[in-house]
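Student: Once you've had a glance at the structure underneath, I'll fire off some questions.
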Amino acid sequence: MNKFFGYMEGNYRFKLIISFLLLFSTLGQAQDIVPTISYTGTPKKYEIAGIEVVGVENLDPKILINISGLRIGQKITVPGDEVSEAIRKYWKHGLFSDVEIRAAKIVERTIFLEIKLVERPRLSDITFHGLKKSEIETVSEKVAMMKGSQVTPFMVDRAEKYVTDYFVGKGFYNTEVDIIQKDDSAKNNFVILDIYVDKKEKVKVKSLVFEGNEALTDAKLNKVMKKTNEKGKILNFFRTKKFILEDYEKDLVALTDKYNELGYRDMRLVSQTVTKNLDNTVDVHIKVEEGNVYYFGDITWVGNSIYTTQMLNYRLRIKKGDVYNQKYLDERLTEKDDAVHNLYMDNGYLFSNINPVEMRVENDTIDLEMRIYEGQQATINEVIIKGNTKTHEQVVRREIRTKPGQLFSKSELIRTIRELAQLGHFDPEKISPDVRPNQDNGTVDLVYNLEEKANDQIELSGGYGAGMFVGSLGLKFSNFSMRNFFNGEAWRPLPTGDGQTLALRAQLSGQYYQSYSISFTEPWFGGKKPNSLSFSVYHSIQTGVNRGLYNQSSNYGYSNYYSQANLSVPDQHMKITGASLGFGKRLRWPDDWFQLYTEVSYQHYDLKDWNYFIFNDGQSNNLNFKVILSRRSIDNPIYTRSGSDFSVGLEFTPPWSKFSDKDWSMVTSLEEKYQLIEYHKWTFKGAVFKPIDNREKLVVMGKMEMGFLGYYNEYLKSPFEKFVLGGDGMAGYNMYGSQTVGLRGYKNGSLTAVDKYGSRDGNVYEKLTLEVRYPLTLNPSATVFALTFLEAGNSWSTFDQFNPFELKRSAGVGLRIFLPMFGLMGIDWGHRFDDSVYGNDAGGNEFHFVMGQSF
């Protein structure tokens, strides 16, 4: 490249000399010209009478003339510096491969100049060799060479540097880049750049040696160096062993921070060397000087008038004699939810700040003075909502807890973000409040920036269960607007924006099974308070089925009746019709995370020649009431990082038998016994989510479930509402009322307790789950996360048999995909460690496909 520019500089001087020789050799041939001009004589002045640019096609001649600095009417000296300087300017721009300025003619004391330029070639295309498609896309953005732009030596050198630096940053320290320029035969003065990239192999860490460390062992320091790890060690099997300079520098900072957390604030890196080996590895040697451990001394507060020193010390949670930890100090002052500064921020003191000052450092003790500026309280002025292109503003505004005229509160701001995420109408990863304080008038404007996401869902699926194929079609509209139902202009394609939920679902299996349901939920009934109103109506019918179905079902612990089934009998049927009405209310006590939900529900069962059930002919009625107390504080309904979800539920029917003097032990008619179903059903569910890495991506979830189905009269135990445990947990096709509980690694229903007659009799169940999740993508169009799990659970027929430690265990991995159109889908592989009710089947594996649910 240096030879190239040397040649161009020499060529420039040669052109300049030749131009002026030609200029003055032509003077004698023109009329009214100066006959002779000598370089050894006195230079003469001429006035520029005209300037013409030749040789260019894609550039404006006027602009090119301006670049030269020459203009008509200007007096120049020939020979002189003006023309030389003009040529230098053209070369400086780098757009031309040849520059020449000559005299077209001279008339007396005027001169006509011709500027001849040769443009550098333009870029026709770039072809990368030796890279993957994804790498080409990334590198192309780094190179940033537009087709049609001029190709200059600077641009070529820059492209080579950018490509090399990119792969060096990825650990390919031996990357070689070769850029070859060739003419494009299809276009005049256009070239094609072929960029050949040979990344070589990544450089790995052969050895990582620490020197001078006494407080922390090599193993602990190696653990701190998360991105710089030795190859060949079992402990680093799942960690990268590649040496990447950027990550290595971050690890050095983490190393220093770790020592500071332990009180070694004087710790320093004496030296750190990286030695390259011939086998494409490096040896890393780090020498540290730990210094002494420091401790907190006296901590005094200055400037606090709102809160007492005792209150501030309680919030700080640091006492004299504690190891000096700067990271912990920062967390307790400003970063944690219960930090000292948040006392002020939650009480309107937006302009306050706390500045810790080291007053005295004596030996190993540091005295601190916390200087507080409280300032004035900030009142919320405007609350602005942006980005809600489909959801009506009142739907968003009613969830906002930061109202105009109120004092600013940081905790209410964070709570608002959570509430908006829970709506499901916006991308939770992009809800970003913009806080705009105005200290002059003591106000603050809040701007909530939102991005709508599609959350209506369609279910179109088929599955094989209970010996038959069942097809399902479901539509769920999560942002429906019932008030605009009769407004034709609102159908685009549906009336939306009010946050209501409308769900339609149908299941069909030919002539054997049909099920239809419709439900509607208004989350703000009346529009003034967050009280929900919901209702649903459903109907299913099952006709006589073939013998193969129930002969198989008997092996699954249904009933001995099933083995007596005959061939299809169309007149046989079991029809279930039901409806429910529910009301939910958000509570303020014990805190406003609590909700109370109540529901009244009715199911009517119509049986005819139904030999596969506990009674064959007749009708049964189930009028029940449900009460659920829940506390839900999760941050994101799709990929939850933090918070908890607990609920306690009670479902019960009236004790019909208590209203009668009949001795039910003497009643033999099953139709009479089960005309009015009675039971009480208790459930508990609890889940806790906690991020376990600094980026809050890796999340652990712990979950516990329990249920108990009781009775008022031992002779009238309910045949409905039992717990069916095991498998994927999808209800799918259900023969009659029951609650399906999944436990991966086992077949569907295979952990359901059976009574002495062989019938399913799951009246008590317990289930424990431990799950670790990691997101692969959190894009609102497709949220994908991987998981691994441990599960254990069991069911029992009676409470006397219940043993919380007698659990069936499993473990496995899975994947979840959330598509706005289809909802949550996934696949799990589970390995069971214990036998199911089928017998000796421990050690088996099961694949589970799930849709619309989370374990």
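Just remember, in the structure tokens the first chain shown is A, the second B, etc., residues are 1-based per chain, and ligands are 1-based in the order shown.
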Apply DSSP to the structure's backbone, then extract all residues of region 81-238 of chain A labelled helix (DSSP H, G or I) and return them as a ChimeraX atom specification.

Tutor: /A:81-93,133-143,153-169,218-224,234-236

Student: Write the residues you've just listed into a file as a compact mmCIF listing (two decimals), in the first residue's frame, and include N, CA and C atoms for each of them.

Tutor:
# COMPACT_ATOMS: atom_id res chain seq x y z
N ASP A 81 1.83 28.57 -7.19
CA ASP A 81 1.34 27.60 -6.22
C ASP A 81 -0.16 27.32 -6.34
N GLU A 82 -0.92 28.21 -7.02
CA GLU A 82 -2.36 28.05 -7.03
C GLU A 82 -2.79 26.74 -7.69
N VAL A 83 -2.18 26.44 -8.87
CA VAL A 83 -2.54 25.21 -9.56
C VAL A 83 -2.04 24.00 -8.79
N SER A 84 -0.84 24.09 -8.25
CA SER A 84 -0.31 22.98 -7.45
C SER A 84 -1.20 22.66 -6.26
N GLU A 85 -1.68 23.70 -5.57
CA GLU A 85 -2.56 23.50 -4.42
C GLU A 85 -3.89 22.89 -4.82
N ALA A 86 -4.39 23.29 -5.99
CA ALA A 86 -5.66 22.73 -6.48
C ALA A 86 -5.52 21.22 -6.72
N ILE A 87 -4.40 20.83 -7.30
CA ILE A 87 -4.18 19.40 -7.55
C ILE A 87 -4.08 18.63 -6.24
N ARG A 88 -3.39 19.22 -5.27
CA ARG A 88 -3.29 18.56 -3.96
C ARG A 88 -4.67 18.32 -3.34
N LYS A 89 -5.56 19.28 -3.51
CA LYS A 89 -6.91 19.15 -2.93
C LYS A 89 -7.66 17.98 -3.55
N TYR A 90 -7.50 17.83 -4.86
CA TYR A 90 -8.18 16.70 -5.50
C TYR A 90 -7.63 15.36 -5.00
N TRP A 91 -6.32 15.27 -4.86
CA TRP A 91 -5.73 14.04 -4.34
C TRP A 91 -6.16 13.77 -2.90
N LYS A 92 -6.30 14.84 -2.14
CA LYS A 92 -6.67 14.70 -0.73
C LYS A 92 -8.05 14.07 -0.58
N HIS A 93 -8.97 14.36 -1.47
CA HIS A 93 -10.31 13.80 -1.39
C HIS A 93 -10.33 12.31 -1.68
N LYS A 133 -23.47 -17.75 6.57
CA LYS A 133 -24.45 -16.74 6.17
C LYS A 133 -24.67 -15.71 7.28
N SER A 134 -24.80 -16.19 8.52
CA SER A 134 -25.01 -15.26 9.64
C SER A 134 -23.80 -14.36 9.84
N GLU A 135 -22.59 -14.91 9.64
CA GLU A 135 -21.37 -14.11 9.77
C GLU A 135 -21.29 -13.06 8.67
N ILE A 136 -21.70 -13.44 7.46
CA ILE A 136 -21.68 -12.48 6.35
C ILE A 136 -22.58 -11.29 6.64
N GLU A 137 -23.78 -11.56 7.21
CA GLU A 137 -24.71 -10.47 7.53
C GLU A 137 -24.11 -9.51 8.55
N THR A 138 -23.46 -10.08 9.58
CA THR A 138 -22.87 -9.23 10.63
C THR A 138 -21.68 -8.45 10.10
N VAL A 139 -20.80 -9.13 9.36
CA VAL A 139 -19.60 -8.48 8.84
C VAL A 139 -19.96 -7.41 7.82
N SER A 140 -20.99 -7.64 7.02
CA SER A 140 -21.42 -6.64 6.04
C SER A 140 -21.82 -5.34 6.71
N GLU A 141 -22.49 -5.46 7.86
CA GLU A 141 -22.85 -4.25 8.60
C GLU A 141 -21.61 -3.53 9.12
N LYS A 142 -20.61 -4.30 9.53
CA LYS A 142 -19.37 -3.68 10.03
C LYS A 142 -18.63 -2.97 8.90
N VAL A 143 -18.52 -3.62 7.73
CA VAL A 143 -17.78 -3.04 6.62
C VAL A 143 -18.49 -1.80 6.09
N PRO A 153 -8.49 3.39 -1.60
CA PRO A 153 -7.57 2.59 -0.78
C PRO A 153 -7.92 2.64 0.70
N PHE A 154 -8.39 3.79 1.17
CA PHE A 154 -8.77 3.90 2.58
C PHE A 154 -9.93 2.97 2.91
N MET A 155 -10.93 2.91 2.01
CA MET A 155 -12.08 2.05 2.27
C MET A 155 -11.68 0.58 2.27
N VAL A 156 -10.79 0.20 1.39
CA VAL A 156 -10.34 -1.18 1.34
C VAL A 156 -9.58 -1.54 2.61
N ASP A 157 -8.68 -0.64 3.03
CA ASP A 157 -7.93 -0.89 4.27
C ASP A 157 -8.86 -0.95 5.47
N ARG A 158 -9.85 -0.08 5.50
CA ARG A 158 -10.80 -0.07 6.62
C ARG A 158 -11.61 -1.36 6.66
N ALA A 159 -12.05 -1.84 5.49
CA ALA A 159 -12.80 -3.08 5.44
C ALA A 159 -11.97 -4.25 5.95
N GLU A 160 -10.72 -4.29 5.57
CA GLU A 160 -9.82 -5.36 6.03
C GLU A 160 -9.65 -5.30 7.55
N LYS A 161 -9.52 -4.09 8.08
CA LYS A 161 -9.34 -3.92 9.53
C LYS A 161 -10.61 -4.32 10.28
N TYR A 162 -11.77 -3.90 9.79
CA TYR A 162 -13.02 -4.21 10.47
C TYR A 162 -13.27 -5.72 10.51
N VAL A 163 -13.04 -6.40 9.40
CA VAL A 163 -13.27 -7.84 9.36
C VAL A 163 -12.30 -8.55 10.30
N THR A 164 -11.04 -8.14 10.26
CA THR A 164 -10.03 -8.77 11.13
C THR A 164 -10.36 -8.53 12.60
N ASP A 165 -10.68 -7.29 12.95
CA ASP A 165 -10.97 -6.96 14.35
C ASP A 165 -12.20 -7.70 14.85
N TYR A 166 -13.19 -7.88 13.98
CA TYR A 166 -14.41 -8.56 14.41
C TYR A 166 -14.11 -9.99 14.83
N PHE A 167 -13.35 -10.71 14.03
CA PHE A 167 -13.09 -12.11 14.35
C PHE A 167 -12.03 -12.26 15.44
N VAL A 168 -11.13 -11.30 15.54
CA VAL A 168 -10.21 -11.32 16.67
C VAL A 168 -11.00 -11.17 17.97
N GLY A 169 -12.01 -10.29 17.94
CA GLY A 169 -12.87 -10.12 19.11
C GLY A 169 -13.65 -11.35 19.47
N ASP A 218 -6.97 -20.65 44.14
CA ASP A 218 -6.97 -20.64 42.68
C ASP A 218 -8.33 -21.06 42.13
N ALA A 219 -8.96 -22.02 42.77
CA ALA A 219 -10.27 -22.50 42.30
C ALA A 219 -11.32 -21.41 42.38
N LYS A 220 -11.30 -20.63 43.47
CA LYS A 220 -12.28 -19.55 43.62
C LYS A 220 -12.02 -18.43 42.61
N LEU A 221 -10.74 -18.12 42.38
CA LEU A 221 -10.42 -17.10 41.38
C LEU A 221 -10.79 -17.57 39.98
N ASN A 222 -10.57 -18.83 39.73
CA ASN A 222 -10.95 -19.38 38.43
C ASN A 222 -12.45 -19.29 38.22
N LYS A 223 -13.21 -19.47 39.29
CA LYS A 223 -14.66 -19.36 39.22
C LYS A 223 -15.09 -17.93 38.92
N VAL A 224 -14.33 -16.96 39.47
CA VAL A 224 -14.62 -15.56 39.19
C VAL A 224 -14.36 -15.23 37.73
N ILE A 234 -12.32 -30.76 34.23
CA ILE A 234 -13.69 -31.23 34.30
C ILE A 234 -14.62 -30.11 34.77
N LEU A 235 -14.16 -29.29 35.72
CA LEU A 235 -15.00 -28.22 36.24
C LEU A 235 -15.36 -27.20 35.18
N ASN A 236 -14.57 -27.14 34.12
CA ASN A 236 -14.83 -26.16 33.05
C ASN A 236 -15.49 -26.81 31.84

Student: Need to verify the contact set: His129 (chain A), 12 Å, only C-alpha atoms, exclusion of same-chain residues closer than 2 positions in sequence. Can you return it as a VMD selection string?

Tutor: chain A and resid 126 to 127 131 to 133 135 to 136 139 176 to 180 193 to 199

Student: Give me a file of those residues, with N, CA and C atoms, as an mmCIF file, in the first residue's frame.

Tutor:
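Once everything was written out, this is out03.cif:
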data_model
loop_
_atom_site.group_PDB
_atom_site.id
_atom_site.type_symbol
_atom_site.label_atom_id
_atom_site.label_comp_id
_atom_site.auth_asym_id
_atom_site.auth_seq_id
_atom_site.Cartn_x
_atom_site.Cartn_y
_atom_site.Cartn_z
ATOM 1 N N ILE A 126 -19.942 -7.070 -3.444
ATOM 2 C CA ILE A 126 -18.962 -7.650 -2.522
ATOM 3 C C ILE A 126 -19.299 -9.119 -2.353
ATOM 4 N N THR A 127 -18.309 -9.954 -2.468
ATOM 5 C CA THR A 127 -18.486 -11.385 -2.267
ATOM 6 C C THR A 127 -17.559 -11.847 -1.144
ATOM 7 N N LEU A 131 -17.053 -17.677 5.019
ATOM 8 C CA LEU A 131 -17.891 -17.298 6.151
ATOM 9 C C LEU A 131 -19.267 -17.933 6.037
ATOM 10 N N LYS A 132 -19.921 -18.097 7.183
ATOM 11 C CA LYS A 132 -21.295 -18.555 7.219
ATOM 12 C C LYS A 132 -22.234 -17.405 6.865
ATOM 13 N N LYS A 133 -23.469 -17.754 6.567
ATOM 14 C CA LYS A 133 -24.449 -16.741 6.172
ATOM 15 C C LYS A 133 -24.668 -15.713 7.278
ATOM 16 N N GLU A 135 -22.589 -14.912 9.636
ATOM 17 C CA GLU A 135 -21.374 -14.113 9.771
ATOM 18 C C GLU A 135 -21.289 -13.062 8.672
ATOM 19 N N ILE A 136 -21.700 -13.439 7.464
ATOM 20 C CA ILE A 136 -21.677 -12.484 6.348
ATOM 21 C C ILE A 136 -22.583 -11.294 6.639
ATOM 22 N N VAL A 139 -20.799 -9.132 9.359
ATOM 23 C CA VAL A 139 -19.596 -8.477 8.840
ATOM 24 C C VAL A 139 -19.959 -7.406 7.815
ATOM 25 N N GLU A 176 -6.888 -14.232 8.880
ATOM 26 C CA GLU A 176 -6.239 -13.601 7.737
ATOM 27 C C GLU A 176 -7.314 -13.140 6.764
ATOM 28 N N VAL A 177 -7.176 -11.887 6.292
ATOM 29 C CA VAL A 177 -8.151 -11.305 5.371
ATOM 30 C C VAL A 177 -7.423 -10.839 4.123
ATOM 31 N N ASP A 178 -7.919 -11.251 2.975
ATOM 32 C CA ASP A 178 -7.319 -10.854 1.693
ATOM 33 C C ASP A 178 -8.428 -10.297 0.816
ATOM 34 N N ILE A 179 -8.277 -9.048 0.363
ATOM 35 C CA ILE A 179 -9.289 -8.394 -0.462
ATOM 36 C C ILE A 179 -8.731 -8.226 -1.872
ATOM 37 N N ILE A 180 -9.417 -8.816 -2.828
ATOM 38 C CA ILE A 180 -8.997 -8.756 -4.232
ATOM 39 C C ILE A 180 -10.019 -7.943 -5.018
ATOM 40 N N LEU A 193 -15.412 -6.641 -5.307
ATOM 41 C CA LEU A 193 -14.454 -6.960 -4.253
ATOM 42 C C LEU A 193 -14.706 -8.375 -3.755
ATOM 43 N N ASP A 194 -13.713 -9.216 -3.867
ATOM 44 C CA ASP A 194 -13.746 -10.553 -3.273
ATOM 45 C C ASP A 194 -12.969 -10.507 -1.965
ATOM 46 N N ILE A 195 -13.696 -10.750 -0.843
ATOM 47 C CA ILE A 195 -13.069 -10.715 0.475
ATOM 48 C C ILE A 195 -12.924 -12.145 0.973
ATOM 49 N N TYR A 196 -11.687 -12.612 1.022
ATOM 50 C CA TYR A 196 -11.389 -13.967 1.471
ATOM 51 C C TYR A 196 -10.995 -13.915 2.947
ATOM 52 N N VAL A 197 -11.716 -14.677 3.766
ATOM 53 C CA VAL A 197 -11.484 -14.689 5.212
ATOM 54 C C VAL A 197 -11.109 -16.096 5.641
ATOM 55 N N ASP A 198 -9.968 -16.216 6.246
ATOM 56 C CA ASP A 198 -9.537 -17.477 6.837
ATOM 57 C C ASP A 198 -9.431 -17.255 8.345
ATOM 58 N N LYS A 199 -10.453 -17.720 9.080
ATOM 59 C CA LYS A 199 -10.511 -17.442 10.514
ATOM 60 C C LYS A 199 -9.492 -18.242 11.309
#

Student: Using DSSP secondary structure from the backbone, list all strand (DSSP E) positions within region 580-784 of chain A, as JSON, numbers by chain.

Tutor: {"A": [580, 581, 582, 583, 584, 585, 586, 594, 595, 596, 597, 598, 599, 600, 601, 602, 603, 604, 605, 606, 607, 608, 618, 619, 620, 621, 622, 623, 624, 625, 626, 627, 628, 629, 630, 631, 632, 643, 644, 645, 646, 647, 648, 649, 650, 651, 652, 680, 681, 682, 683, 684, 685, 686, 687, 688, 689, 690, 691, 699, 700, 701, 702, 703, 704, 705, 706, 707, 708, 709, 710, 722, 723, 724, 725, 738, 739, 740, 741, 764, 765, 766, 767, 768, 769, 770, 771, 772, 773, 774, 775, 776, 777, 778, 779, 782, 783, 784]}

Student: Excluding same-chain residues fewer than 6 positions from Val764 (chain A), what lies within 7 Å of it counting only C-alpha atoms, as a VMD selection string?

Tutor: chain A and resid 707 to 709 795 to 799

Student: If you measure from CA of Arg120 (chain A) to CA of Gly69 (chain A), what distance in Å do you get, rounded to one decimal?

Tutor: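 Calculated distance between CA of Arg120 (chain A) and CA of Gly69 (chain A) is 21.1 Å.
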
Student: Considering only C-alpha atoms, return as a PyMOL selection string whatever protein or nucleic-acid residues lie within 8 Å of Gly727 (chain A), sequence-local ones (same chain, fewer than 3 positions apart) excluded.

Tutor: chain A and resi 741-750+848

Student: What's the 7 Å shell around Asn325 (chain A), counting only C-alpha atoms, without same-chain residues fewer than 2 positions away, as a list of chain:residue names?

Tutor: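 Result of the neighbour search: A:Asn260, A:Glu261, A:Leu262, A:Gly263, A:Val323, A:Lys327, A:Tyr328, A:Leu329.
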
Student: Please measure the separation of CA of His680 (chain A) and CA of Tyr712 (chain A), giving the value in Å to one decimal.

Tutor: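 Interatomic distance here is 7.8 Å.
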
Student: Skipping near chain neighbours, those fewer than 4 positions away, what residues fall within 12 Å of Ile372 (chain A) using only C-alpha atoms, listed as a list in words?

Tutor: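 My reading of the contact set: Thr300, Trp301, Val302, Gly303, Asn304, Ser305, Ile306, Tyr307, Thr309, Leu312, Leu333, Val340, His341, Tyr344, Tyr349, Phe351, Ser352, Asn353, Ile354, Asn355, Pro356 and Val357 of chain A.
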
Student: Could you give me, as an MDAnalysis selection string, the residues within 12 Å of Asp693 (chain A), counting only C-alpha atoms and dropping anything in the same chain fewer than 3 positions from it?

Tutor: chainID A and resid 226 641 690 696:700 772:774

Student: Next, write the just-selected residues to a file, as a PDB file, in the first residue's frame, keeping C-alpha atoms as the atom set.

Tutor:
ATOM      1  CA  LYS A 226     -16.106 -16.855  34.099  1.00  0.00           C
ATOM      2  CA  ARG A 641     -38.091 -13.899  36.067  1.00  0.00           C
ATOM      3  CA  LYS A 690     -35.911 -16.251  41.161  1.00  0.00           C
ATOM      4  CA  GLU A 696     -31.558 -12.116  35.130  1.00  0.00           C
ATOM      5  CA  LYS A 697     -31.946 -14.631  32.310  1.00  0.00           C
ATOM      6  CA  LEU A 698     -31.305 -17.930  34.059  1.00  0.00           C
ATOM      7  CA  VAL A 699     -34.358 -18.445  36.281  1.00  0.00           C
ATOM      8  CA  VAL A 700     -35.174 -21.133  38.840  1.00  0.00           C
ATOM      9  CA  VAL A 772     -34.482 -24.097  35.668  1.00  0.00           C
ATOM     10  CA  ARG A 773     -35.229 -21.975  32.594  1.00  0.00           C
ATOM     11  CA  TYR A 774     -33.117 -20.050  30.108  1.00  0.00           C
TER      12      TYR A 774
END

Student: From the list A:Thr334, A:Asn487, A:Gln326, A:Thr389, which residue is nearest Leu368 (chain A) when using only C-alpha atoms?

Tutor: A:Gln326

Student: Can you tell me how far CA of Tyr513 (chain A) sits from CA of Asp761 (chain A), in Å to one decimal?

Tutor: 23.8 Å

Student: Measuring between only C-alpha atoms, which one of A:Asp434, A:Asp635, A:Asp183, A:Asp445 shows the shortest distance to Ile380 (chain A)?

Tutor: A:Asp445
